[in-house]
Amino acid sequence: MSVANTGIFSDPTARGLTLELVRVTEAAAIAAARLRGQGREKEADQAAVDAMRAELMVLPIEGSVVIGEGERDEAPMLYIGERVGTGNGPSVDIAVDPLEGTTLCAKDMPGAIAVMALAERGTLLAAPDVYMQKIAIGPGYPPGTVDLDWSPAKNIASLARAKGVEPSGITAIILDRPRHMDLIAAVRDTGAGIRLISDGDIAAIIHCTRPDETGVDIYMGTGAAPEGVIAASVLRCIGGQMQGRLILDSADRRARAAKMGITDPGRKYDMHDLARGDVIVAATGVTTGALLSGVRFRPGIIETETVVYRSNTGTIRRIACEHRQPGNAPG
């Protein structure tokens, strides 16, 4: 059954952007992977940023970074508000995480990825680099199955009923942080299982969309807001439910948010508030994990694996690539 291909990227001149996005995340992943296991988090992140920015600048778009490495005064490149692209092409919002899982890369642990989202102008939430409360589940459940304002026990019980299992048949994925001690205890009190992760909550939320493969049913907890917007973009493509609330617990954070047009600091955002319209997301593995294989360096060849999500068609494409260009640059 064919799916109507509508939206800003349905124009034949713009549809080639899918493969262009793959080039962007491949470049970032390869740059970061060269520093895998070396314990140099900042250097690996900067290498990914530099590589991603170089590729973004030659894209045939008029792009504005709405989710980046931080605000302008704190990030030298790919800061929120930065303009990228050649200026010849569709006007788009861009959300980037050149290296999600800097610690994972530095320690050569599973699950580090390079990821970005491209959406119609004005459709991604322009959020400051603050924390966000999040809850997410995959597709196939009735609307309102979980809610950010419910207790952990109520959310686990509601999801278990919808899935047709006891609470012990539910597994939550939660960042292993001191701030989550009470949440972890409350979830365990229900009888549900918990998979604790050290980093990488974009991938963690994606895992919830494939519980039969990953064994993960629900994401709960507090993580970075930029990653929340990118994760919501993925869910827009493959289904699921997500809610988030920015943690604006200081006058400075509220002022920063207000400059970006956020007038209600306590607002609860659903998936469609975070990411609307036509959106494409590409992610390339840096280190091998449950979602993607990492970059592999071989004599004269670099191998990458990328997954691309598209909201208007609901497609998921996996792209395995061997880069044989001079100097082993992606191409």
# chains A, B, ... in the order shown; residues from 1 in each chain; ligands from 1

$ select_by_dssp --residues "stretch 134-323 of chain A" --states "helix (DSSP H, G or I)" --output "number ranges by chain"
A: 152-163, 167-169, 178-189, 201-207, 211-214, 225-238, 251-259, 271-274

$ residues_around --residues "stretch 52-56 of chain A" --least-positions-apart "3" --cutoff "10 Å" --atoms "only C-alpha atoms" --output "VMD selection string"
chain A and resid 20 to 21 23 to 29 31 46 to 49 59 to 61 63 77 to 78 83 to 86 94 96 to 99 114 to 116

$ residues_around --residues "stretch 139-145 of chain A" --least-positions-apart "5" --cutoff "9 Å" --atoms "only C-alpha atoms" --output "list in words"
Asn155, Ser158, Leu159, Ala162, Lys163, Cys208, Thr209, Arg210, Leu235, Ile238, Gly239, Gly240 and Gln241 of chain A

$ closest_atom_pairs --of "stretch 127-146 of chain A" --to "stretch 199-202 of chain A" --cutoff "12 Å" --atoms "only C-alpha atoms" --output "CSV"
residue,atom,partner,partner_atom,distance
A:Met132,CA,A:Asp201,CA,11.5
A:Gln133,CA,A:Asp201,CA,11.8
A:Lys134,CA,A:Asp201,CA,10.0
A:Ile135,CA,A:Asp201,CA,11.1
A:Ala136,CA,A:Ile202,CA,10.8

$ closest_residue --among "A:Ala44, A:Ile113, A:Pro128, A:Ala33" --to "A:Ala258" --atoms "only C-alpha atoms"
A:Pro128

$ closest_residue --among "A:Pro178, A:Gly215, A:Pro226, A:Gly122" --to "A:Asp93" --atoms "only C-alpha atoms"
A:Gly122

$ closest_residue --among "A:Ser91, A:Thr123, A:Gln38, A:Thr190" --to "A:Asp273" --atoms "only C-alpha atoms"
A:Thr123

$ atom_distance --atom1 "atom CA of A:Glu69" --atom2 "atom CA of A:Arg317"
26.4 Å

$ atom_distance --atom1 "atom CA of A:Lys268" --atom2 "atom CA of A:Gly81"
23.6 Å

$ residues_around --residues "A:Leu125" --least-positions-apart "6" --cutoff "10 Å" --atoms "only C-alpha atoms" --output "compact mmCIF listing (two decimals) with N, CA and C atoms, in the first residue's frame"
# COMPACT_ATOMS: atom_id res chain seq x y z
N VAL A 66 17.42 25.13 15.67
CA VAL A 66 16.55 25.42 16.81
C VAL A 66 16.92 24.57 18.02
N ILE A 67 17.58 23.44 17.77
CA ILE A 67 18.11 22.60 18.83
C ILE A 67 19.57 22.34 18.46
N ASP A 93 13.64 23.99 9.97
CA ASP A 93 14.18 23.93 11.32
C ASP A 93 15.13 22.74 11.39
N ALA A 95 17.37 20.30 14.18
CA ALA A 95 17.72 19.89 15.54
C ALA A 95 18.88 18.91 15.42
N ALA A 225 16.52 18.72 27.39
CA ALA A 225 15.41 19.13 26.53
C ALA A 225 15.71 18.96 25.04
N PRO A 226 16.91 19.33 24.56
CA PRO A 226 17.18 19.14 23.13
C PRO A 226 16.97 17.70 22.67
N GLY A 228 15.00 15.65 23.98
CA GLY A 228 13.56 15.39 24.02
C GLY A 228 12.88 15.77 22.72
N VAL A 229 13.28 16.91 22.15
CA VAL A 229 12.68 17.35 20.88
C VAL A 229 13.06 16.40 19.76
N ILE A 230 14.32 15.96 19.72
CA ILE A 230 14.74 15.02 18.68
C ILE A 230 14.02 13.69 18.83
N MET A 260 12.95 32.73 23.67
CA MET A 260 12.63 31.80 22.59
C MET A 260 11.14 31.65 22.37
N GLY A 261 10.35 32.49 23.05
CA GLY A 261 8.91 32.47 22.83
C GLY A 261 8.13 31.57 23.75
N ILE A 262 8.76 31.03 24.78
CA ILE A 262 8.08 30.14 25.73
C ILE A 262 7.50 31.00 26.84
N TYR A 269 4.07 19.60 27.28
CA TYR A 269 4.06 19.45 25.82
C TYR A 269 3.81 18.00 25.45
N HIS A 272 3.21 16.21 19.57
CA HIS A 272 2.93 17.10 18.44
C HIS A 272 3.26 18.55 18.76
N ASP A 273 3.35 18.89 20.04
CA ASP A 273 3.83 20.22 20.41
C ASP A 273 5.33 20.33 20.20
N LEU A 274 6.02 19.23 20.44
CA LEU A 274 7.48 19.24 20.34
C LEU A 274 7.95 19.18 18.90
N ALA A 275 7.21 18.44 18.07
CA ALA A 275 7.60 18.29 16.66
C ALA A 275 6.34 18.14 15.82
N ARG A 276 6.11 19.12 14.94
CA ARG A 276 4.92 19.10 14.08
C ARG A 276 5.35 19.03 12.62

$ decode --residues "stretch 78-202 of chain A" --atoms "C-alpha atoms" --output "PDB file, in the first residue's frame"
ATOM      1  CA  LEU A  78      25.825  24.769  15.785  1.00  0.00           C
ATOM      2  CA  TYR A  79      24.403  27.074  18.429  1.00  0.00           C
ATOM      3  CA  ILE A  80      20.695  27.731  18.721  1.00  0.00           C
ATOM      4  CA  GLY A  81      19.786  30.318  16.107  1.00  0.00           C
ATOM      5  CA  GLU A  82      22.712  29.621  13.783  1.00  0.00           C
ATOM      6  CA  ARG A  83      21.925  29.729  10.060  1.00  0.00           C
ATOM      7  CA  VAL A  84      23.170  26.827   7.963  1.00  0.00           C
ATOM      8  CA  GLY A  85      22.885  25.663   4.367  1.00  0.00           C
ATOM      9  CA  THR A  86      23.465  27.360   1.047  1.00  0.00           C
ATOM     10  CA  GLY A  87      20.288  29.440   1.311  1.00  0.00           C
ATOM     11  CA  ASN A  88      18.935  27.846  -1.867  1.00  0.00           C
ATOM     12  CA  GLY A  89      16.199  25.424  -0.904  1.00  0.00           C
ATOM     13  CA  PRO A  90      13.373  24.911   1.567  1.00  0.00           C
ATOM     14  CA  SER A  91      13.245  26.907   4.803  1.00  0.00           C
ATOM     15  CA  VAL A  92      13.680  24.383   7.597  1.00  0.00           C
ATOM     16  CA  ASP A  93      14.179  23.929  11.315  1.00  0.00           C
ATOM     17  CA  ILE A  94      17.154  21.803  12.312  1.00  0.00           C
ATOM     18  CA  ALA A  95      17.725  19.886  15.537  1.00  0.00           C
ATOM     19  CA  VAL A  96      21.137  18.327  16.034  1.00  0.00           C
ATOM     20  CA  ASP A  97      22.996  16.180  18.508  1.00  0.00           C
ATOM     21  CA  PRO A  98      26.325  15.590  16.773  1.00  0.00           C
ATOM     22  CA  LEU A  99      27.354  13.086  19.444  1.00  0.00           C
ATOM     23  CA  GLU A 100      24.675  11.726  21.721  1.00  0.00           C
ATOM     24  CA  GLY A 101      26.533   9.793  24.358  1.00  0.00           C
ATOM     25  CA  THR A 102      29.853  11.605  24.655  1.00  0.00           C
ATOM     26  CA  THR A 103      30.757   9.447  27.648  1.00  0.00           C
ATOM     27  CA  LEU A 104      29.770   6.316  25.741  1.00  0.00           C
ATOM     28  CA  CYS A 105      32.121   7.308  22.924  1.00  0.00           C
ATOM     29  CA  ALA A 106      34.946   8.274  25.274  1.00  0.00           C
ATOM     30  CA  LYS A 107      34.691   4.897  27.015  1.00  0.00           C
ATOM     31  CA  ASP A 108      33.883   2.952  23.813  1.00  0.00           C
ATOM     32  CA  MET A 109      30.626   1.752  25.351  1.00  0.00           C
ATOM     33  CA  PRO A 110      27.535   0.756  23.333  1.00  0.00           C
ATOM     34  CA  GLY A 111      24.994   3.216  22.001  1.00  0.00           C
ATOM     35  CA  ALA A 112      26.699   6.472  20.991  1.00  0.00           C
ATOM     36  CA  ILE A 113      25.091   7.998  17.884  1.00  0.00           C
ATOM     37  CA  ALA A 114      25.187  11.102  15.693  1.00  0.00           C
ATOM     38  CA  VAL A 115      21.653  12.339  15.049  1.00  0.00           C
ATOM     39  CA  MET A 116      19.770  15.229  13.478  1.00  0.00           C
ATOM     40  CA  ALA A 117      16.225  16.165  12.517  1.00  0.00           C
ATOM     41  CA  LEU A 118      15.026  18.367   9.668  1.00  0.00           C
ATOM     42  CA  ALA A 119      11.520  19.817   9.728  1.00  0.00           C
ATOM     43  CA  GLU A 120       9.383  22.502   8.167  1.00  0.00           C
ATOM     44  CA  ARG A 121      10.194  25.982   9.456  1.00  0.00           C
ATOM     45  CA  GLY A 122       8.470  26.774  12.724  1.00  0.00           C
ATOM     46  CA  THR A 123       7.483  23.190  13.573  1.00  0.00           C
ATOM     47  CA  LEU A 124      10.146  22.130  16.095  1.00  0.00           C
ATOM     48  CA  LEU A 125      10.006  23.495  19.625  1.00  0.00           C
ATOM     49  CA  ALA A 126      12.823  25.996  20.056  1.00  0.00           C
ATOM     50  CA  ALA A 127      13.888  24.999  23.553  1.00  0.00           C
ATOM     51  CA  PRO A 128      16.793  26.272  25.627  1.00  0.00           C
ATOM     52  CA  ASP A 129      19.473  23.818  26.717  1.00  0.00           C
ATOM     53  CA  VAL A 130      17.809  22.884  30.018  1.00  0.00           C
ATOM     54  CA  TYR A 131      16.433  19.702  31.540  1.00  0.00           C
ATOM     55  CA  MET A 132      13.050  18.271  30.594  1.00  0.00           C
ATOM     56  CA  GLN A 133      10.779  15.840  32.404  1.00  0.00           C
ATOM     57  CA  LYS A 134       9.813  13.125  29.911  1.00  0.00           C
ATOM     58  CA  ILE A 135       7.616  10.094  29.550  1.00  0.00           C
ATOM     59  CA  ALA A 136       7.319   8.040  26.364  1.00  0.00           C
ATOM     60  CA  ILE A 137       5.877   4.772  25.084  1.00  0.00           C
ATOM     61  CA  GLY A 138       5.720   3.150  21.690  1.00  0.00           C
ATOM     62  CA  PRO A 139       2.836   2.741  19.223  1.00  0.00           C
ATOM     63  CA  GLY A 140      -0.234   0.552  19.567  1.00  0.00           C
ATOM     64  CA  TYR A 141      -1.714   1.939  22.791  1.00  0.00           C
ATOM     65  CA  PRO A 142      -4.866   4.041  23.270  1.00  0.00           C
ATOM     66  CA  PRO A 143      -4.339   7.800  23.595  1.00  0.00           C
ATOM     67  CA  GLY A 144      -3.774   8.854  27.184  1.00  0.00           C
ATOM     68  CA  THR A 145      -2.271   5.547  28.290  1.00  0.00           C
ATOM     69  CA  VAL A 146       0.406   7.416  30.263  1.00  0.00           C
ATOM     70  CA  ASP A 147       0.672  10.949  31.583  1.00  0.00           C
ATOM     71  CA  LEU A 148       3.543  13.040  32.882  1.00  0.00           C
ATOM     72  CA  ASP A 149       1.452  14.218  35.840  1.00  0.00           C
ATOM     73  CA  TRP A 150       0.573  10.718  37.053  1.00  0.00           C
ATOM     74  CA  SER A 151       2.549   8.863  39.668  1.00  0.00           C
ATOM     75  CA  PRO A 152       4.965   6.156  38.486  1.00  0.00           C
ATOM     76  CA  ALA A 153       2.629   3.534  39.933  1.00  0.00           C
ATOM     77  CA  LYS A 154      -0.367   4.843  37.976  1.00  0.00           C
ATOM     78  CA  ASN A 155       1.604   5.000  34.738  1.00  0.00           C
ATOM     79  CA  ILE A 156       2.953   1.466  35.128  1.00  0.00           C
ATOM     80  CA  ALA A 157      -0.503   0.117  36.023  1.00  0.00           C
ATOM     81  CA  SER A 158      -2.161   1.888  33.078  1.00  0.00           C
ATOM     82  CA  LEU A 159       0.453   0.669  30.605  1.00  0.00           C
ATOM     83  CA  ALA A 160       0.257  -2.867  31.959  1.00  0.00           C
ATOM     84  CA  ARG A 161      -3.530  -2.906  31.487  1.00  0.00           C
ATOM     85  CA  ALA A 162      -3.180  -1.602  27.944  1.00  0.00           C
ATOM     86  CA  LYS A 163      -0.566  -4.236  27.155  1.00  0.00           C
ATOM     87  CA  GLY A 164      -2.568  -7.011  28.824  1.00  0.00           C
ATOM     88  CA  VAL A 165       0.106  -7.958  31.355  1.00  0.00           C
ATOM     89  CA  GLU A 166       0.809  -7.599  35.047  1.00  0.00           C
ATOM     90  CA  PRO A 167       3.052  -4.709  36.125  1.00  0.00           C
ATOM     91  CA  SER A 168       5.863  -7.253  36.400  1.00  0.00           C
ATOM     92  CA  GLY A 169       5.579  -7.630  32.618  1.00  0.00           C
ATOM     93  CA  ILE A 170       6.605  -3.987  32.088  1.00  0.00           C
ATOM     94  CA  THR A 171      10.189  -2.743  31.814  1.00  0.00           C
ATOM     95  CA  ALA A 172      11.037   0.940  32.182  1.00  0.00           C
ATOM     96  CA  ILE A 173      14.239   2.510  30.892  1.00  0.00           C
ATOM     97  CA  ILE A 174      15.657   5.249  33.115  1.00  0.00           C
ATOM     98  CA  LEU A 175      18.873   7.249  33.185  1.00  0.00           C
ATOM     99  CA  ASP A 176      21.021   6.122  36.117  1.00  0.00           C
ATOM    100  CA  ARG A 177      21.257   9.428  37.958  1.00  0.00           C
ATOM    101  CA  PRO A 178      20.994  10.405  41.656  1.00  0.00           C
ATOM    102  CA  ARG A 179      18.022  12.618  40.776  1.00  0.00           C
ATOM    103  CA  HIS A 180      16.091   9.486  39.796  1.00  0.00           C
ATOM    104  CA  MET A 181      16.477   7.580  43.070  1.00  0.00           C
ATOM    105  CA  ASP A 182      12.863   8.153  44.140  1.00  0.00           C
ATOM    106  CA  LEU A 183      11.548   7.362  40.653  1.00  0.00           C
ATOM    107  CA  ILE A 184      13.533   4.114  40.504  1.00  0.00           C
ATOM    108  CA  ALA A 185      12.258   3.055  43.917  1.00  0.00           C
ATOM    109  CA  ALA A 186       8.641   3.871  42.981  1.00  0.00           C
ATOM    110  CA  VAL A 187       8.819   1.894  39.736  1.00  0.00           C
ATOM    111  CA  ARG A 188      10.375  -1.113  41.477  1.00  0.00           C
ATOM    112  CA  ASP A 189       7.642  -0.982  44.121  1.00  0.00           C
ATOM    113  CA  THR A 190       5.117  -1.757  41.366  1.00  0.00           C
ATOM    114  CA  GLY A 191       6.936  -4.962  40.441  1.00  0.00           C
ATOM    115  CA  ALA A 192       8.052  -3.586  37.081  1.00  0.00           C
ATOM    116  CA  GLY A 193      11.608  -4.062  35.879  1.00  0.00           C
ATOM    117  CA  ILE A 194      14.071  -1.262  35.157  1.00  0.00           C
ATOM    118  CA  ARG A 195      16.868  -1.009  32.623  1.00  0.00           C
ATOM    119  CA  LEU A 196      19.282   1.612  33.860  1.00  0.00           C
ATOM    120  CA  ILE A 197      21.376   3.453  31.284  1.00  0.00           C
ATOM    121  CA  SER A 198      24.348   5.731  31.760  1.00  0.00           C
ATOM    122  CA  ASP A 199      23.638   7.994  28.761  1.00  0.00           C
ATOM    123  CA  GLY A 200      21.702   8.232  25.502  1.00  0.00           C
ATOM    124  CA  ASP A 201      18.060   9.000  26.094  1.00  0.00           C
ATOM    125  CA  ILE A 202      17.221   9.554  22.411  1.00  0.00           C
TER     126      ILE A 202
END
